[in-house]
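Pasting model-v9.cif here (mmCIF, C-alpha atoms):
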data_protein
loop_
_atom_site.label_atom_id
_atom_site.label_comp_id
_atom_site.auth_asym_id
_atom_site.auth_seq_id
_atom_site.Cartn_x
_atom_site.Cartn_y
_atom_site.Cartn_z
CA ASP A 1 -18.94 22.25 -9.91
CA GLY A 2 -20.86 19.11 -10.79
CA THR A 3 -21.48 18.07 -7.19
CA ASN A 4 -25.17 17.92 -6.20
CA ASP A 5 -26.05 21.18 -7.95
CA TYR A 6 -28.81 21.40 -10.54
CA LEU A 7 -32.24 22.91 -11.12
CA SER A 8 -35.43 20.88 -11.07
CA ARG A 9 -39.18 21.27 -11.21
CA SER A 10 -41.48 18.51 -9.95
CA SER A 11 -44.70 19.90 -11.42
CA ASP A 12 -45.59 20.72 -14.98
CA LEU A 13 -44.71 24.10 -16.42
CA ILE A 14 -47.56 26.58 -16.05
CA GLY A 15 -49.56 26.85 -19.26
CA ASN A 16 -47.60 24.06 -20.90
CA ALA A 17 -48.85 22.75 -24.24
CA ASP A 18 -47.71 20.35 -26.94
CA SER A 19 -46.31 21.84 -30.12
CA LYS A 20 -44.60 21.09 -33.42
CA THR A 21 -42.61 24.32 -33.21
CA PHE A 22 -40.10 25.70 -30.71
CA THR A 23 -37.15 28.01 -30.20
CA PHE A 24 -34.36 27.13 -27.79
CA SER A 25 -31.39 29.18 -26.64
CA ALA A 26 -28.76 28.77 -23.94
CA TRP A 27 -25.26 29.90 -23.11
CA VAL A 28 -23.10 26.90 -22.27
CA TYR A 29 -19.55 26.41 -21.02
CA ILE A 30 -18.24 22.86 -20.70
CA ASP A 31 -15.52 22.19 -18.15
CA SER A 32 -12.63 20.09 -19.44
CA SER A 33 -13.38 17.50 -16.74
CA ALA A 34 -16.99 17.06 -17.86
CA SER A 35 -18.24 13.79 -19.26
CA GLY A 36 -21.41 15.16 -20.84
CA GLY A 37 -24.55 16.73 -19.48
CA TYR A 38 -28.05 17.99 -20.18
CA VAL A 39 -28.69 21.70 -20.50
CA LEU A 40 -32.43 20.99 -20.44
CA ASN A 41 -34.37 17.80 -19.84
CA LEU A 42 -38.15 17.84 -19.94
CA GLY A 43 -39.76 14.61 -18.82
CA GLY A 44 -36.72 12.51 -18.02
CA GLY A 45 -37.80 11.57 -14.50
CA THR A 46 -40.57 9.37 -13.19
CA GLY A 47 -43.45 11.86 -13.54
CA GLY A 48 -44.34 11.20 -17.14
CA GLN A 49 -43.09 10.38 -20.59
CA ARG A 50 -39.99 11.82 -22.17
CA ALA A 51 -40.55 15.12 -23.98
CA PHE A 52 -37.46 17.10 -24.96
CA ASP A 53 -33.70 17.05 -24.32
CA VAL A 54 -30.80 19.35 -25.19
CA TYR A 55 -27.42 18.00 -24.18
CA PHE A 56 -23.67 17.91 -24.75
CA ALA A 57 -22.46 14.60 -26.14
CA ASN A 58 -18.97 14.43 -24.67
CA SER A 59 -17.73 11.56 -26.83
CA PHE A 60 -18.38 13.62 -29.95
CA LYS A 61 -17.86 17.18 -28.58
CA ARG A 62 -21.16 18.41 -29.96
CA MET A 63 -24.56 19.78 -28.88
CA GLN A 64 -27.71 17.91 -29.84
CA PHE A 65 -31.44 17.74 -29.21
CA VAL A 66 -34.07 15.01 -29.10
CA ALA A 67 -37.86 15.48 -29.16
CA TYR A 68 -40.51 12.85 -28.39
CA ASN A 69 -44.22 12.44 -29.10
CA SER A 70 -46.82 11.27 -26.55
CA ALA A 71 -46.03 7.62 -27.30
CA GLY A 72 -42.39 8.14 -26.31
CA THR A 73 -41.19 7.85 -29.90
CA GLN A 74 -38.38 10.11 -31.09
CA ILE A 75 -39.80 12.48 -33.69
CA GLY A 76 -36.99 15.03 -33.83
CA ARG A 77 -33.27 14.52 -33.46
CA GLY A 78 -30.39 16.64 -34.69
CA HIS A 79 -26.83 17.49 -33.77
CA LEU A 80 -23.89 19.63 -34.69
CA VAL A 81 -20.90 18.00 -36.35
CA ASP A 82 -18.31 16.30 -34.17
CA ASN A 83 -15.74 18.49 -32.41
CA SER A 84 -17.79 21.67 -32.87
CA ILE A 85 -17.64 22.42 -29.12
CA THR A 86 -14.39 23.20 -27.27
CA TYR A 87 -13.96 22.86 -23.52
CA ASN A 88 -13.69 25.94 -21.29
CA THR A 89 -15.32 28.21 -23.87
CA TRP A 90 -18.66 30.03 -23.85
CA TYR A 91 -21.10 29.23 -26.64
CA ASN A 92 -24.55 30.48 -27.49
CA VAL A 93 -26.57 27.52 -28.77
CA LEU A 94 -29.64 28.77 -30.64
CA PHE A 95 -32.05 26.81 -32.78
CA SER A 96 -35.61 27.12 -33.98
CA ILE A 97 -37.56 24.28 -35.55
CA ASP A 98 -40.90 23.55 -37.18
CA LEU A 99 -41.33 19.79 -37.46
CA ALA A 100 -44.07 20.26 -40.04
CA ASN A 101 -41.69 21.80 -42.56
CA THR A 102 -38.06 20.82 -43.24
CA SER A 103 -37.47 24.26 -44.73
CA ASN A 104 -38.27 25.87 -41.37
CA ARG A 105 -35.28 24.94 -39.26
CA TYR A 106 -32.18 26.81 -38.17
CA PHE A 107 -29.27 25.95 -35.89
CA TYR A 108 -26.86 28.71 -34.88
CA LEU A 109 -23.71 28.52 -32.77
CA ASN A 110 -22.28 31.86 -31.61
CA ASP A 111 -24.40 33.65 -34.21
CA VAL A 112 -23.02 31.52 -37.06
CA ASP A 113 -25.52 29.61 -39.20
CA LEU A 114 -24.61 25.91 -39.10
CA THR A 115 -27.99 24.64 -40.32
CA SER A 116 -26.66 23.08 -43.51
CA SER A 117 -24.03 21.04 -41.63
CA VAL A 118 -26.37 19.82 -38.87
CA VAL A 119 -27.10 16.10 -38.97
CA TRP A 120 -30.91 15.85 -38.88
CA ASN A 121 -31.26 12.20 -37.89
CA ILE A 122 -35.04 12.26 -37.36
CA TYR A 123 -37.51 14.87 -38.58
CA THR A 124 -41.14 13.79 -38.35
CA ASN A 125 -44.26 15.89 -38.82
CA ASP A 126 -45.63 15.16 -35.37
CA THR A 127 -46.33 16.95 -32.07
CA ILE A 128 -43.76 17.17 -29.29
CA ASN A 129 -44.99 15.92 -25.92
CA PHE A 130 -44.06 19.11 -24.02
CA ALA A 131 -47.05 18.85 -21.67
CA GLY A 132 -46.75 15.13 -21.02
CA SER A 133 -44.49 15.15 -17.97
CA THR A 134 -44.22 16.72 -14.54
CA GLU A 135 -40.46 16.41 -14.01
CA HIS A 136 -38.04 18.87 -15.55
CA TYR A 137 -34.31 19.44 -15.07
CA ILE A 138 -31.64 21.98 -15.98
CA GLY A 139 -27.94 21.19 -15.63
CA VAL A 140 -28.02 17.46 -14.92
CA TYR A 141 -25.53 14.85 -16.08
CA ASP A 142 -28.23 12.48 -17.28
CA ALA A 143 -31.98 12.71 -17.53
CA GLY A 144 -33.75 12.43 -14.21
CA VAL A 145 -30.74 11.41 -12.15
CA THR A 146 -28.58 13.32 -9.72
CA GLY A 147 -25.41 13.67 -11.72
CA GLU A 148 -24.81 17.32 -12.60
CA TRP A 149 -23.55 19.65 -15.27
CA LEU A 150 -19.85 20.44 -14.87
CA GLY A 151 -19.27 23.94 -16.14
CA ARG A 152 -21.40 27.07 -16.50
CA LEU A 153 -24.86 27.89 -17.81
CA ALA A 154 -26.80 31.08 -18.46
CA GLY A 155 -29.84 32.31 -20.34
CA VAL A 156 -31.71 29.02 -20.74
CA TYR A 157 -34.75 29.78 -22.91
CA LEU A 158 -37.59 27.83 -24.52
CA ASP A 159 -40.79 28.85 -26.24
CA TYR A 160 -43.10 27.13 -28.68
CA THR A 161 -42.75 29.62 -31.52
CA TYR A 162 -40.84 29.11 -34.75
CA ARG A 163 -38.52 31.98 -35.68
CA ASP A 164 -36.73 32.56 -38.95
CA LEU A 165 -33.24 32.90 -37.48
CA SER A 166 -31.78 34.02 -40.80
CA VAL A 167 -33.42 37.36 -39.87
CA GLU A 168 -30.78 39.06 -37.75
CA SER A 169 -33.25 40.85 -35.49
CA ASN A 170 -34.65 37.49 -34.38
CA ARG A 171 -31.20 36.41 -33.18
CA ARG A 172 -30.59 39.65 -31.32
CA ASP A 173 -33.08 38.53 -28.66
CA PHE A 174 -30.43 36.00 -27.56
CA ILE A 175 -26.99 37.23 -28.67
CA ASP A 176 -25.86 40.73 -29.57
CA ALA A 177 -23.96 41.87 -32.66
CA ASP A 178 -20.65 41.53 -30.80
CA GLY A 179 -21.37 37.93 -29.86
CA LEU A 180 -22.12 38.75 -26.22
CA TYR A 181 -24.82 37.65 -23.81
CA VAL A 182 -28.32 39.12 -23.99
CA THR A 183 -30.85 38.51 -21.24
CA PRO A 184 -33.45 36.32 -22.98
CA PRO A 185 -37.02 37.52 -23.56
CA THR A 186 -39.60 36.92 -20.86
CA SER A 187 -42.13 35.63 -23.39
CA GLY A 188 -40.88 32.03 -23.25
CA ILE A 189 -42.29 29.31 -21.04
CA ILE A 190 -38.71 28.99 -19.78
CA SER A 191 -36.52 32.08 -19.49
CA ILE A 192 -33.92 31.53 -16.79
CA PRO A 193 -31.09 34.08 -16.92
CA MET A 194 -29.20 32.68 -13.90
CA ASP A 195 -28.06 36.18 -13.01
CA ASP A 196 -28.48 35.82 -9.24
CA ALA A 197 -26.57 33.16 -7.28
CA ALA A 198 -29.17 33.47 -4.52
CA ASP A 199 -31.99 32.57 -6.90
CA PRO A 200 -30.64 30.77 -9.99
CA GLY A 201 -33.92 28.92 -10.57
CA ARG A 202 -35.91 32.12 -11.09
CA ASN A 203 -37.91 31.77 -14.27
CA ASP A 204 -38.73 35.16 -15.80
CA GLY A 205 -40.86 33.35 -18.36
CA THR A 206 -44.40 32.10 -17.94
CA GLY A 207 -43.83 28.52 -16.78
CA GLY A 208 -42.92 28.99 -13.12
CA ASP A 209 -39.69 28.82 -11.14
CA PHE A 210 -37.30 25.90 -10.82
CA THR A 211 -35.81 24.69 -7.53
CA LEU A 212 -32.10 24.80 -6.81
CA ASN A 213 -30.64 21.53 -5.58
CA GLY A 214 -27.29 22.01 -3.88
CA VAL A 215 -25.21 25.18 -4.10
CA VAL A 216 -24.09 27.10 -7.16
CA ALA A 217 -21.90 30.16 -7.56
CA ARG A 218 -22.13 33.15 -9.84
CA SER A 219 -18.94 33.51 -11.83
CA ASN A 220 -19.16 37.32 -12.10
CA ARG A 221 -17.36 37.11 -15.43
CA GLY A 222 -19.76 39.48 -17.14
#
Would you mind writing the file's structure down as structure tokens?
Amino acid sequence: DGTNDYLSRSSDLIGNADSKTFTFSAWVYIDSSASGGYVLNLGGGTGGQRAFDVYFANSFKRMQFVAYNSAGTQIGRGHLVDNSITYNTWYNVLFSIDLANTSNRYFYLNDVDLTSSVVWNIYTNDTINFAGSTEHYIGVYDAGVTGEWLGRLAGVYLDYTYRDLSVESNRRDFIDADGLYVTPPTSGIISIPMDDAADPGRNDGTGGDFTLNGVVARSNRG
């Protein structure tokens, strides 16, 4: 409900490593009263340099990402076109990127390929500072602060592998052929299904659990 409820981790992800490649997926639902919010923020607190953000830009009604190198310089930045996200609607946001090759990048929304319409503001052949911070957040309003996501989240996933998402079988790890939720693979460093209101910070991936701050509810909407 956007009141003191978010996930955090105050130590680095287990086995974390820098990378030029990654795959990200999450199911997001933005409440009409929201004013923005981060699905995932790695390194936005005081424990290290900025690493990686995925967030909803409310002013433009779009999802976007930013990646940083070890010097804190933005090396990757891209976003969907304005007004591509509607309030009170579930979306699967899925993208896979190789910063070393502009041909190796895909951005899907609800299993629809929007890669060609994505605005790729910055795309530098450099390494993302994934392992450079010890503070990580899921469902915050702004990086490293205590504002919160207003809406719903599920299936937050991150790994450091590039996937060719034009291959349908690669997308079926995150969304099924009917456009419905799929529990994400456990191979990622982050794989948080949020399927248990008693333990929403459980990370079925390799990087270790997150801590719940505040109280969240499971919607039971299936």
May I have the centre and edge lengths, in Å to one decimal, of an axis-aligned box around the listed atoms of stretch 9-20 of chain A with 5 Å added to every side, as JSON?
{"center_x": -44.4, "center_y": 22.7, "center_z": -21.7, "size_x": 20.4, "size_y": 18.3, "size_z": 33.5}
* Apply the PyMOL selection byres ((chain A and resi 80-88) around 10) to the structure shown and report the selected residues as number ranges by chain. => A: 28-34, 56-65, 78-79, 89-91, 107-109, 114-120, 151-152
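Evaluated against the shown file, the PyMOL selection byres ((chain A and resi 38) around 7) gives Gly37, Val39, Leu40, Asn41, Val54, Tyr55, Phe56, Ile138, Gly139, Val140, Tyr141, Asp142 and Trp149 of chain A.
Of the residues under consideration (A:Asn104, A:Thr21, A:Thr134, A:Asn170), A:Thr21 shows the shortest atom-to-atom contact distance to A:Leu158 when counting all atoms listed in the file.
From atom CA of A:Gly179 back to atom CA of A:Leu7, the distance works out to 26.4 Å.
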